[in-house]
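Colleague: One file: upload.tsv (TSV, C-alpha atoms).
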```tsv
chain	number	residue	atom	x	y	z
A	1	MET	CA	11.00	-13.92	7.38
A	2	THR	CA	8.25	-11.67	6.00
A	3	VAL	CA	8.87	-7.91	5.61
A	4	LEU	CA	6.15	-5.57	4.26
A	5	GLY	CA	4.28	-8.58	2.93
A	6	LEU	CA	7.41	-9.94	1.16
A	7	ASP	CA	8.55	-13.42	2.08
A	8	LEU	CA	12.34	-13.11	2.16
A	9	GLY	CA	12.79	-16.54	3.71
A	10	LYS	CA	16.24	-17.48	5.00
A	11	TYR	CA	17.87	-14.75	2.87
A	12	ALA	CA	16.41	-11.82	4.85
A	13	ALA	CA	19.75	-11.41	6.69
A	14	PHE	CA	21.40	-10.56	3.35
A	15	ILE	CA	18.62	-8.71	1.51
A	16	LEU	CA	17.72	-6.26	4.29
A	17	PRO	CA	21.32	-5.05	4.90
A	18	ALA	CA	21.80	-4.64	1.13
A	19	TYR	CA	18.71	-2.42	0.88
A	20	GLY	CA	19.62	-0.66	4.14
A	21	LEU	CA	23.12	0.15	2.86
A	22	THR	CA	21.72	1.44	-0.43
A	23	ALA	CA	19.14	3.64	1.31
A	24	GLY	CA	21.81	4.92	3.73
A	25	PHE	CA	24.18	5.71	0.85
A	26	PHE	CA	21.52	7.70	-1.01
A	27	VAL	CA	20.47	9.63	2.12
A	28	TRP	CA	24.11	10.44	2.92
A	29	ILE	CA	25.18	11.46	-0.61
A	30	ILE	CA	22.06	13.61	-1.18
A	31	ALA	CA	22.41	15.34	2.22
A	32	ALA	CA	26.18	15.86	1.82
A	33	SER	CA	25.81	17.25	-1.73
A	34	LEU	CA	22.99	19.64	-0.85
A	35	THR	CA	24.56	20.94	2.39
A	36	THR	CA	27.96	21.48	0.72
A	37	SER	CA	26.35	23.34	-2.17
A	38	ARG	CA	24.28	25.50	0.18
A	39	ARG	CA	27.29	26.25	2.42
A	40	TRP	CA	29.47	27.47	-0.48
A	41	ARG	CA	26.63	29.42	-2.10
A	42	LEU	CA	25.98	31.30	1.16
A	43	GLU	CA	29.73	31.90	1.65
A	44	ALA	CA	30.12	33.25	-1.90
A	45	GLU	CA	27.05	35.45	-1.50
A	46	ARG	CA	28.35	36.79	1.84
A	47	LEU	CA	31.76	37.64	0.37
A	48	GLN	CA	30.15	39.23	-2.68
A	49	ALA	CA	27.92	41.36	-0.42
A	50	GLU	CA	31.00	42.43	1.60
A	51	LYS	CA	32.82	43.34	-1.62
A	52	ASP	CA	29.85	45.31	-2.93
A	53	ALA	CA	29.55	47.17	0.42
A	54	GLY	CA	33.26	48.01	0.32
A	55	ASN	CA	33.02	49.39	-3.21
A	56	ARG	CA	30.24	51.83	-2.29
B	1	MET	CA	41.78	24.47	-28.62
B	2	THR	CA	38.16	25.46	-28.16
B	3	LEU	CA	35.14	23.33	-27.36
B	4	PRO	CA	32.65	22.51	-30.13
B	5	ARG	CA	29.57	24.80	-30.07
B	6	ALA	CA	27.28	21.94	-28.99
B	7	LEU	CA	29.17	21.81	-25.68
B	8	ASP	CA	28.94	25.57	-25.20
B	9	PHE	CA	26.85	25.39	-22.04
B	10	LEU	CA	29.60	23.31	-20.48
B	11	ALA	CA	32.17	25.99	-21.21
B	12	VAL	CA	30.38	29.01	-19.79
B	13	PRO	CA	29.86	28.77	-16.00
B	14	GLU	CA	27.00	31.33	-16.00
B	15	ARG	CA	25.10	29.34	-18.62
B	16	PHE	CA	25.81	26.10	-16.77
B	17	MET	CA	24.47	27.59	-13.52
B	18	ALA	CA	21.29	28.73	-15.30
B	19	VAL	CA	20.67	25.30	-16.88
B	20	SER	CA	21.57	23.28	-13.77
B	21	THR	CA	19.22	25.36	-11.56
B	22	TRP	CA	16.21	23.58	-13.10
B	23	LEU	CA	17.89	20.46	-14.51
B	24	ALA	CA	19.23	19.16	-11.15
B	25	PRO	CA	15.82	19.05	-9.37
B	26	ALA	CA	14.12	17.77	-12.54
B	27	LEU	CA	16.57	14.85	-12.75
B	28	GLY	CA	16.15	14.26	-9.01
B	29	ALA	CA	12.36	14.00	-9.38
B	30	LEU	CA	12.77	11.70	-12.40
B	31	ALA	CA	15.15	9.51	-10.38
B	32	ALA	CA	12.68	9.20	-7.49
B	33	ALA	CA	9.85	8.26	-9.89
B	34	LEU	CA	11.93	5.68	-11.80
B	35	ILE	CA	13.42	4.06	-8.70
B	36	GLY	CA	9.99	3.98	-7.03
B	37	ALA	CA	8.40	2.37	-10.10
B	38	GLY	CA	11.29	-0.09	-10.41
B	39	LEU	CA	11.09	-1.15	-6.77
B	40	TRP	CA	7.32	-1.51	-7.03
B	41	THR	CA	7.56	-3.84	-10.04
B	42	GLY	CA	10.65	-5.53	-8.59
B	43	VAL	CA	9.07	-6.63	-5.31
B	44	SER	CA	6.07	-7.93	-7.28
B	45	ALA	CA	8.34	-10.26	-9.31
B	46	PRO	CA	8.40	-13.92	-8.26
B	47	SER	CA	11.44	-15.37	-6.50
B	48	ASP	CA	14.00	-16.89	-8.84
B	49	TYR	CA	13.86	-20.70	-9.03
B	50	GLN	CA	17.59	-20.97	-8.25
B	51	GLN	CA	18.44	-17.84	-6.26
B	52	GLY	CA	15.19	-17.47	-4.33
B	53	ALA	CA	14.48	-14.03	-2.85
B	54	THR	CA	18.14	-12.94	-3.21
B	55	VAL	CA	17.20	-11.89	-6.74
B	56	LEU	CA	15.93	-8.73	-5.03
B	57	ILE	CA	19.57	-7.75	-4.41
B	58	MET	CA	20.14	-7.76	-8.18
B	59	PHE	CA	17.85	-4.72	-8.56
B	60	ILE	CA	20.17	-2.56	-6.43
B	61	HIS	CA	23.54	-4.25	-7.05
B	62	VAL	CA	23.62	-4.30	-10.87
B	63	PRO	CA	22.65	-0.61	-11.35
B	64	ALA	CA	25.29	0.40	-8.77
B	65	ALA	CA	27.87	-1.65	-10.70
B	66	TRP	CA	26.86	-0.02	-14.00
B	67	LEU	CA	27.03	3.43	-12.37
B	68	SER	CA	30.52	2.68	-11.04
B	69	MET	CA	31.70	2.32	-14.64
B	70	PHE	CA	29.52	5.10	-16.06
B	71	GLY	CA	30.87	7.41	-13.33
B	72	TYR	CA	34.42	6.61	-14.36
B	73	ILE	CA	33.62	7.29	-18.04
B	74	CYS	CA	32.32	10.72	-16.91
B	75	LEU	CA	35.42	11.29	-14.76
B	76	ALA	CA	37.79	10.33	-17.57
B	77	GLY	CA	35.80	12.38	-20.12
B	78	ALA	CA	35.78	15.48	-17.94
B	79	SER	CA	39.49	15.00	-17.17
B	80	PHE	CA	40.24	14.72	-20.90
B	81	LEU	CA	38.32	17.94	-21.64
B	82	SER	CA	40.06	19.64	-18.72
B	83	LEU	CA	43.53	18.61	-19.92
B	84	ILE	CA	43.00	19.35	-23.62
B	85	PHE	CA	40.73	22.41	-23.52
B	86	ARG	CA	41.85	23.75	-20.12
B	87	HIS	CA	38.24	24.49	-19.16
B	88	ALA	CA	37.72	25.22	-15.47
B	89	LEU	CA	34.19	23.81	-15.67
B	90	ALA	CA	35.45	20.45	-16.94
B	91	ASP	CA	37.95	20.35	-14.07
B	92	ALA	CA	35.16	21.15	-11.58
B	93	ALA	CA	33.03	18.43	-13.18
B	94	ALA	CA	35.81	15.86	-12.79
B	95	LYS	CA	36.41	16.82	-9.17
B	96	ALA	CA	32.67	16.65	-8.41
B	97	CYS	CA	32.29	13.28	-10.13
B	98	ALA	CA	34.95	11.29	-8.24
B	99	PRO	CA	33.20	10.97	-4.82
B	100	LEU	CA	29.95	9.97	-6.55
B	101	GLY	CA	31.68	7.30	-8.60
B	102	ALA	CA	33.59	6.05	-5.56
B	103	GLY	CA	30.32	5.84	-3.61
B	104	PHE	CA	28.53	3.80	-6.29
B	105	THR	CA	31.57	1.51	-6.66
B	106	ALA	CA	31.73	0.90	-2.89
B	107	LEU	CA	27.97	0.26	-2.92
B	108	ALA	CA	28.34	-2.25	-5.78
B	109	LEU	CA	31.09	-4.10	-3.89
B	110	ALA	CA	29.12	-4.14	-0.61
B	111	THR	CA	25.81	-5.27	-2.11
B	112	GLY	CA	27.67	-7.79	-4.28
B	113	SER	CA	29.31	-9.21	-1.20
B	114	LEU	CA	25.89	-9.53	0.49
B	115	TRP	CA	24.63	-11.35	-2.62
B	116	GLY	CA	27.74	-13.49	-2.97
B	117	ARG	CA	27.68	-14.92	0.55
B	118	PRO	CA	24.41	-16.88	0.21
B	119	MET	CA	24.99	-17.76	-3.48
B	120	TRP	CA	28.72	-18.56	-3.58
B	121	GLY	CA	29.31	-19.28	0.10
B	122	ALA	CA	31.91	-16.47	0.33
B	123	TRP	CA	31.79	-12.75	1.09
B	124	TRP	CA	34.73	-12.14	-1.24
B	125	VAL	CA	36.80	-14.03	-3.80
B	126	TRP	CA	39.82	-12.71	-5.68
B	127	ASP	CA	38.26	-13.35	-9.06
B	128	ALA	CA	38.78	-11.13	-12.09
B	129	ARG	CA	35.52	-9.16	-11.91
B	130	LEU	CA	35.64	-8.42	-8.19
B	131	THR	CA	39.34	-7.59	-8.23
B	132	SER	CA	39.06	-5.26	-11.25
B	133	VAL	CA	36.13	-3.42	-9.60
B	134	LEU	CA	38.23	-3.08	-6.42
B	135	VAL	CA	41.01	-1.59	-8.60
B	136	LEU	CA	38.37	0.81	-10.03
B	137	LEU	CA	37.53	1.93	-6.48
B	138	LEU	CA	41.25	2.42	-5.76
B	139	PHE	CA	41.56	4.63	-8.87
B	140	TYR	CA	38.66	6.77	-7.62
B	141	LEU	CA	40.20	7.02	-4.14
B	142	GLY	CA	43.63	7.71	-5.63
B	143	TYR	CA	42.14	10.53	-7.72
B	144	ILE	CA	40.51	12.10	-4.63
B	145	ALA	CA	43.67	11.68	-2.53
B	146	LEU	CA	45.96	13.10	-5.24
B	147	ARG	CA	43.79	16.20	-5.67
B	148	ALA	CA	43.72	16.74	-1.91
B	149	SER	CA	47.48	16.30	-1.51
B	150	ILE	CA	48.61	19.07	-3.91
B	151	GLU	CA	48.08	22.61	-2.69
B	152	ASP	CA	48.19	24.33	-6.09
B	153	GLU	CA	44.71	23.62	-7.50
B	154	GLY	CA	45.82	23.90	-11.12
B	155	ARG	CA	48.62	21.37	-10.68
B	156	ALA	CA	46.37	19.12	-8.59
B	157	GLY	CA	43.73	19.14	-11.33
B	158	ARG	CA	46.24	18.27	-14.08
B	159	ALA	CA	47.96	15.49	-12.09
B	160	ALA	CA	44.63	13.97	-11.07
B	161	ALA	CA	43.33	14.20	-14.67
B	162	ILE	CA	46.34	12.21	-15.91
B	163	LEU	CA	45.70	9.58	-13.22
B	164	ALA	CA	42.02	9.42	-14.24
B	165	LEU	CA	42.96	8.84	-17.89
B	166	VAL	CA	45.46	6.12	-16.96
B	167	GLY	CA	42.75	4.46	-14.87
B	168	ALA	CA	40.42	4.33	-17.88
B	169	ILE	CA	42.49	1.34	-19.08
B	170	ASN	CA	40.76	-0.61	-16.31
B	171	LEU	CA	37.25	-0.07	-17.74
B	172	PRO	CA	37.43	-2.69	-20.54
B	173	ILE	CA	39.13	-5.04	-18.07
B	174	VAL	CA	36.15	-4.69	-15.70
B	175	HIS	CA	33.64	-5.19	-18.51
B	176	PHE	CA	35.29	-8.13	-20.27
B	177	SER	CA	36.79	-9.79	-17.17
B	178	VAL	CA	33.95	-12.33	-17.09
B	179	ASN	CA	34.75	-13.32	-20.71
B	180	TRP	CA	38.54	-13.24	-20.54
B	181	TRP	CA	38.96	-15.30	-17.37
B	182	ASN	CA	37.12	-18.10	-15.59
B	183	THR	CA	35.32	-16.30	-12.82
B	184	LEU	CA	32.77	-17.07	-10.15
B	185	HIS	CA	30.88	-13.95	-11.22
B	186	GLN	CA	28.19	-14.59	-13.81
B	187	GLY	CA	28.62	-13.31	-17.36
B	188	ALA	CA	26.74	-10.39	-18.92
B	189	SER	CA	23.00	-11.05	-19.14
B	190	VAL	CA	21.72	-7.64	-20.30
B	191	PHE	CA	24.33	-5.90	-22.51
B	192	ARG	CA	25.44	-8.86	-24.61
B	193	PRO	CA	25.42	-9.89	-28.28
B	194	GLY	CA	22.05	-11.47	-29.08
B	195	GLY	CA	20.16	-9.39	-26.51
B	196	PRO	CA	19.34	-9.85	-22.84
B	197	THR	CA	18.87	-13.34	-21.41
B	198	LEU	CA	17.10	-12.01	-18.32
B	199	ALA	CA	13.34	-12.70	-18.06
B	200	LEU	CA	11.22	-9.58	-18.65
B	201	VAL	CA	9.77	-9.83	-15.16
B	202	TYR	CA	13.27	-9.04	-13.83
B	203	LEU	CA	14.58	-7.00	-16.76
B	204	ILE	CA	11.90	-4.26	-16.56
B	205	PRO	CA	12.41	-3.36	-12.87
B	206	LEU	CA	16.18	-3.64	-13.33
B	207	LEU	CA	16.19	-1.18	-16.23
B	208	LEU	CA	13.79	1.20	-14.43
B	209	ILE	CA	16.01	1.28	-11.35
B	210	ALA	CA	19.17	1.59	-13.48
B	211	LEU	CA	17.71	4.60	-15.30
B	212	GLY	CA	16.68	6.01	-11.91
B	213	TYR	CA	20.22	5.58	-10.59
B	214	MET	CA	21.54	7.33	-13.70
B	215	ALA	CA	19.14	10.24	-13.24
B	216	ALA	CA	20.13	10.45	-9.56
B	217	PHE	CA	23.79	10.44	-10.57
B	218	GLY	CA	23.15	13.25	-13.07
B	219	SER	CA	21.23	15.31	-10.54
B	220	LEU	CA	23.84	14.89	-7.80
B	221	TRP	CA	26.68	15.54	-10.22
B	222	LEU	CA	25.11	18.87	-11.22
B	223	VAL	CA	24.58	19.81	-7.55
B	224	ARG	CA	28.20	18.98	-6.75
B	225	ILE	CA	29.56	20.90	-9.77
B	226	ARG	CA	27.51	23.90	-8.63
B	227	ALA	CA	29.00	23.53	-5.12
B	228	GLU	CA	32.52	23.45	-6.58
B	229	LEU	CA	31.85	26.56	-8.68
B	230	TRP	CA	30.49	28.40	-5.61
B	231	ARG	CA	33.59	27.31	-3.65
B	232	ARG	CA	35.90	28.66	-6.35
B	233	ARG	CA	33.93	31.90	-6.48
B	234	ALA	CA	34.19	32.23	-2.67
B	235	ARG	CA	37.93	31.55	-2.86
B	236	VAL	CA	38.49	34.27	-5.47
B	237	LEU	CA	36.41	36.74	-3.44
B	238	SER	CA	38.26	35.96	-0.19
B	239	LEU	CA	41.63	36.38	-1.95
B	240	GLN	CA	40.45	39.71	-3.35
B	241	ALA	CA	39.29	40.75	0.14
B	242	ALA	CA	42.68	39.77	1.62
B	243	GLY	CA	44.47	41.84	-1.04
B	244	ARG	CA	42.47	44.96	-0.33
```
Could you spell out this file's structure in structure tokens?
Modeller:
Amino acid sequence: MTVLGLDLGKYAAFILPAYGLTAGFFVWIIAASLTTSRRWRLEAERLQAEKDAGNR
Amino acid sequence: MTLPRALDFLAVPERFMAVSTWLAPALGALAAALIGAGLWTGVSAPSDYQQGATVLIMFIHVPAAWLSMFGYICLAGASFLSLIFRHALADAAAKACAPLGAGFTALALATGSLWGRPMWGAWWVWDARLTSVLVLLLFYLGYIALRASIEDEGRAGRAAAILALVGAINLPIVHFSVNWWNTLHQGASVFRPGGPTLALVYLIPLLLIALGYMAAFGSLWLVRIRAELWRRRARVLSLQAAGR
């Protein structure tokens, strides 16, 4: 089997899932890390703004 | 006890936030460049005379396996600093590190299984290397589960840190398992006395991708520590708001 000009031969059924899993892992861990960080930053900023408004 | 001055930026959350603001994206960009260059040189390498095209799996499996151990060294190191110096940042670093390490360990096991099936004729064998890496994954998962199961965050951090340090005993077992026991898994071919036995045509892309994985790990670790510090800040603010 040839993929992107690479002849993977009879091992394509093992190589492609390995690369697919790796790509999927990186997409998931990057997305999860960035969204979690953004969510908590916005939450902390919202609570800080509420606190500052209450102190005025 | 106080931290040595060289580790000052790890002890002051404000300084850590300032440094990580630019360091995390810089490491992310470096990771993308290194992994891209490694894959480019890797797919240009000829098929191995024994393993055929499955040698391509080596470029993603071996760095994941190295990162599974490097991640645990980081987890144990941060746990040690957290226990001894009682630094909140070290505790946040340990907590942020565990899911990353678990992910790379699971990835190493999965890609190893996909490499093992065509080469060994089995998806899994209970040999010393595979079993000790599975134990490593269980230590990561145990750490995450223990932290989640104790409501008091201080107690949870200390209990999980002790577990992480106990689990560090497994690291030399993972590394030397291929020397201590007869295993199906091949022995070390890069980090070994006498230098690497791997041909340069495979060694260069492997090292490029491994450095890329390490940069990605560093970048994601910083992002996750920042998330944990924001979460703690939000928790303090919400408790203050509830007390008003």
Colleague: Determine the nearest neighbour of A:Tyr19 from the options B:Phe217, B:Tyr72, B:Trp230, B:Phe59, counting all atoms listed in the file.
Modeller: B:Phe59
Colleague: Counting all atoms listed in the file, which residue out of B:Leu163, B:Ala242, B:Leu237, B:Ala122 sits closest to chain A?
Modeller: B:Leu237
Colleague: Mind dumping a table of every stretch 98-138 of chain B residue within 9 Å of stretch 4-15 of chain A, with the nearest atom pair and its distance in Å to one decimal, using all atoms listed in the file, sorted by chain and rising number, as a tab-separated table?
Modeller:
```
residue	atom	partner	partner_atom	distance
B:Thr111	CA	A:Ile15	CA	8.8
B:Leu114	CA	A:Phe14	CA	5.4
B:Trp115	CA	A:Phe14	CA	6.8
B:Arg117	CA	A:Phe14	CA	8.1
B:Pro118	CA	A:Tyr11	CA	7.4
```
Colleague: Those residues you just picked out, can you put them in a file as an mmCIF file, in the coordinates of the input with C-alpha atoms?
Modeller:
```cif
data_model
loop_
_atom_site.group_PDB
_atom_site.id
_atom_site.type_symbol
_atom_site.label_atom_id
_atom_site.label_comp_id
_atom_site.auth_asym_id
_atom_site.auth_seq_id
_atom_site.Cartn_x
_atom_site.Cartn_y
_atom_site.Cartn_z
ATOM 1 C CA THR B 111 25.810 -5.270 -2.110
ATOM 2 C CA LEU B 114 25.890 -9.530 0.490
ATOM 3 C CA TRP B 115 24.630 -11.350 -2.620
ATOM 4 C CA ARG B 117 27.680 -14.920 0.550
ATOM 5 C CA PRO B 118 24.410 -16.880 0.210
#
```
Colleague: Residues of chain A within 6 Å of chain B, using only C-alpha atoms, as a VMD selection string?
Modeller: chain A and resid 8 14 18 33 37 40 to 41 44
Colleague: Tell me, in Å to one decimal, how far atom CA of A:Asp52 is from atom CA of B:Leu239.
Modeller: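 Computed distance, atom CA of A:Asp52 to atom CA of B:Leu239, equals 14.8 Å.
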Colleague: Around (24.5, -8.2, -12.1) in the file's own coordinates, what residues are found within 8 Å if you use all atoms listed in the file, given back as a PyMOL selection string?
Modeller: chain B and resi 58+61-63+65+186+188-189
